[in-house]
Structure formats: C-alpha cells, structure tokens
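Q: Here it is, the structure in full.
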Amino acid sequence: MCPPAETSPVPSPIPQAASLPEKKEASISVSTNINKLKHGDDCLETLLENNKKWAQAVIAEDPSFFENIALKQEPKILWIGCSDSRVPANQIVQLGPGEIFVHRNIANVVTNSDLNCLSVVQYAVEVLKVEHVIVCGHYNCGGAAAAIGHGQFGLIDNWLRNIKDVYRLHKSELESIKEEPKRLRRLIELNAINSAKNICHSTIVQNAWERGQKLQVHAWAYDLEDGRVKKLDFCAKDNTFNQDIYNTKA
C-alpha cells in the first residue's frame with residue numbers, strides 16, 4: 001500500500017488557451033515553480049497530487065477549458081524534437097494543451113524510412129492541417145555527442161548513423177572548427193536542418209504544397225544553458241526550397 005506523499009507547490013495553470021472555434025485570448029502566466037519527483041515516492045502520489053492541483057487551477061482560470069479540448073484538437077504547430085527530458089516543447093514556447101502536436105525521438109532525427117515519424121507528419125499535415133513544422137535540436141545533445149565519436153553503444157548506433165551521415169556531408173565545414181564544443185554545436189544545428197529538409201523531401205509535404213496548403217518547415221536549436229531558442233538558417237514554404245532531384249509528382 002502506498003502512503004500519501006508530500007505534495008509540491010501548485011503547478012502553473014495553462015499559459016495560453018487551446019485553439020478552438022470560439023477561442024478566447026488568455027494572458028501568458030509563467031511560473032517559477034519547478035517541481036521534482038519526491039525521493040522515495042515509488043507510487044508517484046506526488047505526480048497525481050500535482051495533476052489534481054493543476055487541473056483545479058486550469059478550471060479556475062477557464063471553467064470550460066477541458067470540456068472544449070475534449071471535443072477536438074486544432075494545433076497549428078507540429079514539433080519534432082529530441083526525447084531529452086530537458087527539452088519540453090510546450091514549456092519552451094509557453095503554449096498550453098491543444099496548441100502543439102509533438103513527436104520526439106533520440107536527437108530529433110527525421111529519415112525517409114521512419115514510419116513512426118512519417119505517420120505523425122502525415123496526420124499533422126493532412127488531418128490536423130498544421131501550418132508550421134518545427135524541427136528543434138538542442139545544444140549539449142547526448143545523441144549528437146555519441147555520433148561524433150567512435151564508440152559503440154548498442155542498438156542506438158544504427159540510429160546515430162543518420163547523424164554520422166550529416167557529419168560526412170559537412171565534413172569540411174565541421175573539421176575546420178578546431179574547438180570540439182563548437183564543432184558539436186554546429187553538428188547539432190546541421191542535424192536539425194537535415195531533418196527539416198527530409199520533411200520537405202517527403203511526399204506528404206510536397207503534396208500539401210502542391211495543393212496550395214499553407215505550411216512552413218523550420219529548423220531551430222534550443223540552448224539548455226540559457227533556455228533560449230535559436231532560429232537556424234532554414235525555413236521552407238514550398239517545393240522550390242527542395243533540390244530538384246527530390247521533387248516528385250503524384
């Protein structure tokens with residue numbers, strides 16, 4: 001039997017209302033409370049109590065919020081990021097439930113053979129009609145750091161090979177950077193850009209653009225050391241951003 005655990009401060013309510021047919025604007029509220037799992041709370045009672053307090057705070061701010069988002073979701077953004085626990089999409093950009101459709105994996109890699117990721121992209125683009133796809137890498141990424149080395153780590157080595165390919169394609173630029181931390185930062189940026197380009201190469205996105213659908217694909221990088229996002233030098237809004245060899249017709 002799990003005894004009740006000591007509770008944490010009240011979590012912050014939603015920072016912004018979700019997108020709905022009758023959407024009302026809400027001010028962004030930022031909380032300085034950063035909750036942590038209590039040591040010894042094996043039954044996770046702290047999390048359940050946090051959830052209860054958060055739900056109560058949301059209802060106090062907008063009594064019909066949960067009733068509304070239970071009906072449907074209308075996010076305008078698909079976020080493809082790293083699985084790293086320090087990079088929570090909604091908190092980084094201060095958007096609430098219902099605002100961002102999220103896919104995460106090790107080192108925010110997008111390949112043309114990952115049916116999991118491509119299924120998310122297809123649903124986001126064709127059903128949810130998102131207007132922005134953001135591939136967000138982050139500095140101090142362990143996956144990229146492993147890829148830049150020569151060690152073996154098991155099954156994940158097959159996944160990290162995709163980042164090694166990015167290194168190979170940009171070897172001259174990367175090896176001209178003598179300081180290893182700066183070289184790794186640049187690889188992280190190039191990996192995010194490569195993943196964003198692979199999204200553009202997909203028939204899902206190409207067909208959306210051919211239909212005249214409003215859709216932009218962005219590459220970003222998040223800095224763990226200051227909490228800020230950097231816009232990278234890539235943003236595509238139609239098939240002209242693809243190299244011609246990748247463009248296809250249905």
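In the structure tokens, the first chain shown is A, the next is B, and so on; residue numbers restart at 1 for each chain, and ligands run from 1 in the order shown.
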List as number ranges by chain the protein and nucleic acid residues near range 126-143 of chain A, meaning an atom at most 8 Å away when only C-alpha atoms are counted, but skip any in the same chain fewer than 4 places from it.

A: A: 73-82, 84, 87, 106-108, 122, 147, 160, 185, 188-189, 191-193, 195-196, 204, 208, 214-224

Q: With N, CA and C atoms retained, could you export that selection as a tab-separated table (two decimals), in the first residue's frame?

A:
chain	number	residue	atom	x	y	z
A	73	GLN	N	-8.89	18.67	-31.31
A	73	GLN	CA	-7.66	19.45	-31.23
A	73	GLN	C	-7.44	20.17	-32.55
A	74	GLU	N	-6.93	21.38	-32.47
A	74	GLU	CA	-6.64	22.19	-33.65
A	74	GLU	C	-5.28	22.88	-33.52
A	75	PRO	N	-4.22	22.11	-33.30
A	75	PRO	CA	-2.90	22.74	-33.18
A	75	PRO	C	-2.44	23.29	-34.52
A	76	LYS	N	-1.69	24.36	-34.48
A	76	LYS	CA	-1.13	24.95	-35.70
A	76	LYS	C	0.32	24.54	-35.90
A	77	ILE	N	0.88	23.83	-34.93
A	77	ILE	CA	2.31	23.50	-34.96
A	77	ILE	C	2.53	22.01	-34.74
A	78	LEU	N	3.39	21.44	-35.57
A	78	LEU	CA	3.96	20.11	-35.30
A	78	LEU	C	5.39	20.33	-34.85
A	79	TRP	N	5.71	19.82	-33.69
A	79	TRP	CA	7.06	19.96	-33.10
A	79	TRP	C	7.75	18.60	-33.17
A	80	ILE	N	8.89	18.54	-33.82
A	80	ILE	CA	9.70	17.33	-33.84
A	80	ILE	C	10.98	17.63	-33.08
A	81	GLY	N	11.13	17.03	-31.93
A	81	GLY	CA	12.25	17.35	-31.06
A	81	GLY	C	12.93	16.11	-30.51
A	82	CYS	N	13.89	16.35	-29.64
A	82	CYS	CA	14.64	15.27	-29.01
A	82	CYS	C	13.86	14.74	-27.81
A	84	ASP	N	15.06	14.11	-25.04
A	84	ASP	CA	15.73	14.62	-23.83
A	84	ASP	C	14.71	15.28	-22.90
A	87	VAL	N	13.98	19.20	-22.63
A	87	VAL	CA	13.51	19.98	-23.77
A	87	VAL	C	12.00	19.79	-23.97
A	106	ILE	N	15.32	10.18	-30.27
A	106	ILE	CA	16.70	10.48	-29.93
A	106	ILE	C	17.30	11.41	-30.99
A	107	ALA	N	17.69	12.61	-30.58
A	107	ALA	CA	18.41	13.58	-31.41
A	107	ALA	C	17.59	14.12	-32.57
A	108	ASN	N	16.25	14.15	-32.41
A	108	ASN	CA	15.35	14.77	-33.41
A	108	ASN	C	15.72	14.43	-34.86
A	122	GLN	N	2.21	12.88	-41.45
A	122	GLN	CA	1.03	12.77	-42.30
A	122	GLN	C	-0.23	13.20	-41.56
A	147	ALA	N	27.35	10.42	-31.64
A	147	ALA	CA	27.52	10.22	-33.08
A	147	ALA	C	28.85	10.79	-33.58
A	160	LEU	N	22.05	6.46	-34.66
A	160	LEU	CA	23.02	7.56	-34.69
A	160	LEU	C	23.76	7.62	-36.01
A	185	ARG	N	28.29	21.82	-31.48
A	185	ARG	CA	27.15	22.73	-31.61
A	185	ARG	C	26.74	22.87	-33.08
A	188	ILE	N	24.97	19.79	-34.31
A	188	ILE	CA	23.59	19.78	-33.81
A	188	ILE	C	22.70	20.65	-34.68
A	189	GLU	N	23.21	21.80	-35.09
A	189	GLU	CA	22.45	22.68	-35.98
A	189	GLU	C	22.23	22.04	-37.34
A	191	ASN	N	22.24	18.92	-38.08
A	191	ASN	CA	21.35	17.77	-37.95
A	191	ASN	C	19.89	18.21	-37.95
A	192	ALA	N	19.59	19.30	-37.25
A	192	ALA	CA	18.22	19.82	-37.25
A	192	ALA	C	17.81	20.28	-38.65
A	193	ILE	N	18.73	20.95	-39.33
A	193	ILE	CA	18.45	21.41	-40.70
A	193	ILE	C	18.25	20.21	-41.63
A	195	SER	N	17.15	17.23	-40.86
A	195	SER	CA	15.84	16.64	-40.57
A	195	SER	C	14.72	17.48	-41.17
A	196	ALA	N	14.86	18.80	-41.08
A	196	ALA	CA	13.84	19.68	-41.67
A	196	ALA	C	13.79	19.49	-43.19
A	204	ILE	N	4.46	13.68	-48.43
A	204	ILE	CA	3.40	14.26	-47.60
A	204	ILE	C	3.43	15.78	-47.71
A	208	ALA	N	1.17	18.52	-50.06
A	208	ALA	CA	0.46	19.60	-49.38
A	208	ALA	C	0.75	20.93	-50.06
A	214	LYS	N	-1.13	25.99	-46.77
A	214	LYS	CA	-0.21	26.86	-46.05
A	214	LYS	C	0.60	26.02	-45.07
A	215	LEU	N	1.91	25.95	-45.30
A	215	LEU	CA	2.75	25.11	-44.46
A	215	LEU	C	4.20	25.59	-44.55
A	216	GLN	N	4.80	25.82	-43.41
A	216	GLN	CA	6.21	26.19	-43.35
A	216	GLN	C	6.97	25.19	-42.49
A	217	VAL	N	8.19	24.88	-42.90
A	217	VAL	CA	9.05	23.95	-42.17
A	217	VAL	C	10.26	24.73	-41.66
A	218	HIS	N	10.48	24.66	-40.36
A	218	HIS	CA	11.53	25.44	-39.71
A	218	HIS	C	12.56	24.53	-39.04
A	219	ALA	N	13.78	25.03	-38.90
A	219	ALA	CA	14.81	24.36	-38.11
A	219	ALA	C	15.25	25.30	-36.99
A	220	TRP	N	15.20	24.81	-35.76
A	220	TRP	CA	15.58	25.58	-34.59
A	220	TRP	C	16.59	24.80	-33.76
A	221	ALA	N	17.23	25.50	-32.83
A	221	ALA	CA	18.08	24.83	-31.83
A	221	ALA	C	17.85	25.51	-30.49
A	222	TYR	N	17.70	24.70	-29.47
A	222	TYR	CA	17.41	25.18	-28.11
A	222	TYR	C	18.69	25.09	-27.27
A	223	ASP	N	18.97	26.13	-26.52
A	223	ASP	CA	20.17	26.16	-25.70
A	223	ASP	C	19.80	25.86	-24.25
A	224	LEU	N	20.26	24.73	-23.75
A	224	LEU	CA	19.96	24.33	-22.38
A	224	LEU	C	20.55	25.30	-21.36

Q: Report as a VMD selection string: the residues of range 112-239 of chain A with a DSSP assignment of helix (DSSP H, G or I), based on the backbone of this structure.

A: chain A and resid 115 to 127 142 to 147 156 to 169 171 to 175 180 to 201 203 to 210 239

Q: So which residues touch Asn116 in chain A within 10 Å, counting only C-alpha atoms, skipping near sequence neighbours fewer than 5 positions away, as a ChimeraX atom specification?

A: /A:103,110,121

Q: Filtering to C-alpha atoms, could you give me those residues as a CSV table (one decimal), in the first residue's frame?

A:
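What follows is the written file result_36.csv:
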chain,number,residue,atom,x,y,z
A,103,HIS,CA,6.9,13.9,-31.9
A,110,VAL,CA,13.9,12.5,-39.4
A,121,VAL,CA,3.8,14.1,-40.1

Q: Write out as JSON lines a residue-level contact list of range 76-158 of chain A versus range 58-68 of chain A with cut-off 12 Å: for each qualifying residue the closest pair of atoms and the distance in Å to one decimal, counting only C-alpha atoms, rows sorted by chain and residue number upward.

A:
{"residue": "A:Gly96", "atom": "CA", "partner": "A:Val58", "partner_atom": "CA", "distance": 10.4}
{"residue": "A:Pro97", "atom": "CA", "partner": "A:Phe66", "partner_atom": "CA", "distance": 9.5}
{"residue": "A:Gly98", "atom": "CA", "partner": "A:Asn68", "partner_atom": "CA", "distance": 10.1}

Q: Would you save the residues of that selection, restricted to all heavy atoms, as a compact mmCIF listing (two decimals), in the first residue's frame?

A:
# COMPACT_ATOMS: atom_id res chain seq x y z
N GLY A 96 -0.10 26.17 -24.30
CA GLY A 96 -0.83 25.23 -23.47
C GLY A 96 -1.28 23.99 -24.20
O GLY A 96 -0.98 23.78 -25.39
N PRO A 97 -2.02 23.11 -23.52
CA PRO A 97 -2.55 21.89 -24.14
C PRO A 97 -3.39 22.23 -25.36
O PRO A 97 -4.16 23.18 -25.36
CB PRO A 97 -3.41 21.28 -23.02
CG PRO A 97 -2.84 21.83 -21.75
CD PRO A 97 -2.38 23.21 -22.09
N GLY A 98 -3.23 21.43 -26.42
CA GLY A 98 -4.00 21.64 -27.63
C GLY A 98 -3.32 22.52 -28.66
O GLY A 98 -3.83 22.67 -29.77

Q: Would you mind writing down, as a PDB file with N, CA, C and O atoms, in the first residue's frame, each residue of range 37-108 of chain A that DSSP on the backbone assigns to strand (DSSP E or B)?

A:
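And here's part28.pdb as it stands now:
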ATOM      1  N   ILE A  77       0.880  23.830 -34.929  1.00  0.00           N
ATOM      2  CA  ILE A  77       2.312  23.504 -34.960  1.00  0.00           C
ATOM      3  C   ILE A  77       2.533  22.015 -34.739  1.00  0.00           C
ATOM      4  O   ILE A  77       1.935  21.415 -33.843  1.00  0.00           O
ATOM      5  N   LEU A  78       3.395  21.436 -35.565  1.00  0.00           N
ATOM      6  CA  LEU A  78       3.963  20.110 -35.301  1.00  0.00           C
ATOM      7  C   LEU A  78       5.394  20.331 -34.851  1.00  0.00           C
ATOM      8  O   LEU A  78       6.184  20.957 -35.553  1.00  0.00           O
ATOM      9  N   TRP A  79       5.709  19.823 -33.686  1.00  0.00           N
ATOM     10  CA  TRP A  79       7.056  19.957 -33.103  1.00  0.00           C
ATOM     11  C   TRP A  79       7.747  18.599 -33.166  1.00  0.00           C
ATOM     12  O   TRP A  79       7.231  17.607 -32.654  1.00  0.00           O
ATOM     13  N   ILE A  80       8.888  18.544 -33.816  1.00  0.00           N
ATOM     14  CA  ILE A  80       9.698  17.328 -33.843  1.00  0.00           C
ATOM     15  C   ILE A  80      10.977  17.635 -33.078  1.00  0.00           C
ATOM     16  O   ILE A  80      11.794  18.457 -33.518  1.00  0.00           O
ATOM     17  N   GLY A  81      11.125  17.030 -31.929  1.00  0.00           N
ATOM     18  CA  GLY A  81      12.254  17.346 -31.061  1.00  0.00           C
ATOM     19  C   GLY A  81      12.928  16.114 -30.507  1.00  0.00           C
ATOM     20  O   GLY A  81      12.580  14.980 -30.835  1.00  0.00           O
ATOM     21  N   CYS A  82      13.888  16.354 -29.644  1.00  0.00           N
ATOM     22  CA  CYS A  82      14.638  15.274 -29.008  1.00  0.00           C
ATOM     23  C   CYS A  82      13.865  14.742 -27.805  1.00  0.00           C
ATOM     24  O   CYS A  82      13.120  15.475 -27.154  1.00  0.00           O
ATOM     25  N   ILE A 100       0.215  22.347 -29.577  1.00  0.00           N
ATOM     26  CA  ILE A 100       1.348  21.758 -30.292  1.00  0.00           C
ATOM     27  C   ILE A 100       1.170  20.248 -30.391  1.00  0.00           C
ATOM     28  O   ILE A 100       0.921  19.576 -29.384  1.00  0.00           O
ATOM     29  N   PHE A 101       1.289  19.727 -31.601  1.00  0.00           N
ATOM     30  CA  PHE A 101       1.313  18.285 -31.849  1.00  0.00           C
ATOM     31  C   PHE A 101       2.788  17.886 -31.809  1.00  0.00           C
ATOM     32  O   PHE A 101       3.622  18.521 -32.474  1.00  0.00           O
ATOM     33  N   VAL A 102       3.134  16.859 -31.038  1.00  0.00           N
ATOM     34  CA  VAL A 102       4.545  16.598 -30.730  1.00  0.00           C
ATOM     35  C   VAL A 102       4.985  15.192 -31.118  1.00  0.00           C
ATOM     36  O   VAL A 102       4.281  14.213 -30.872  1.00  0.00           O
ATOM     37  N   HIS A 103       6.162  15.130 -31.725  1.00  0.00           N
ATOM     38  CA  HIS A 103       6.865  13.860 -31.941  1.00  0.00           C
ATOM     39  C   HIS A 103       8.290  14.042 -31.451  1.00  0.00           C
ATOM     40  O   HIS A 103       8.940  15.038 -31.780  1.00  0.00           O
ATOM     41  N   ARG A 104       8.783  13.076 -30.672  1.00  0.00           N
ATOM     42  CA  ARG A 104      10.145  13.180 -30.155  1.00  0.00           C
ATOM     43  C   ARG A 104      10.871  11.849 -30.335  1.00  0.00           C
ATOM     44  O   ARG A 104      10.266  10.782 -30.235  1.00  0.00           O
ATOM     45  N   ASN A 105      12.147  11.938 -30.595  1.00  0.00           N
ATOM     46  CA  ASN A 105      12.997  10.745 -30.654  1.00  0.00           C
ATOM     47  C   ASN A 105      14.419  11.139 -30.282  1.00  0.00           C
ATOM     48  O   ASN A 105      14.698  12.309 -30.011  1.00  0.00           O
TER      49      ASN A 105
END

Q: Rank nothing, just name the residue among A:Phe234, A:Gly227, A:Thr248, A:Arg161 nearest to Ala89 in chain A, using only C-alpha atoms.

A: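 Among the listed residues, the smallest separation from Ala89 in chain A belongs to A:Gly227.
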
Q: Record the distance separating CA of Leu44 in chain A and CA of Ala70 in chain A, expressed in Å with one decimal.

A: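 Separation of CA of Leu44 in chain A and CA of Ala70 in chain A: 25.2 Å.
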
Q: Would you mind listing what lies within 7 Å of range 162-174 of chain A as number ranges by chain, with only C-alpha atoms counted and same-chain residues fewer than 3 positions away left out?

A: A: 144, 147-148, 159, 177, 183, 187, 191
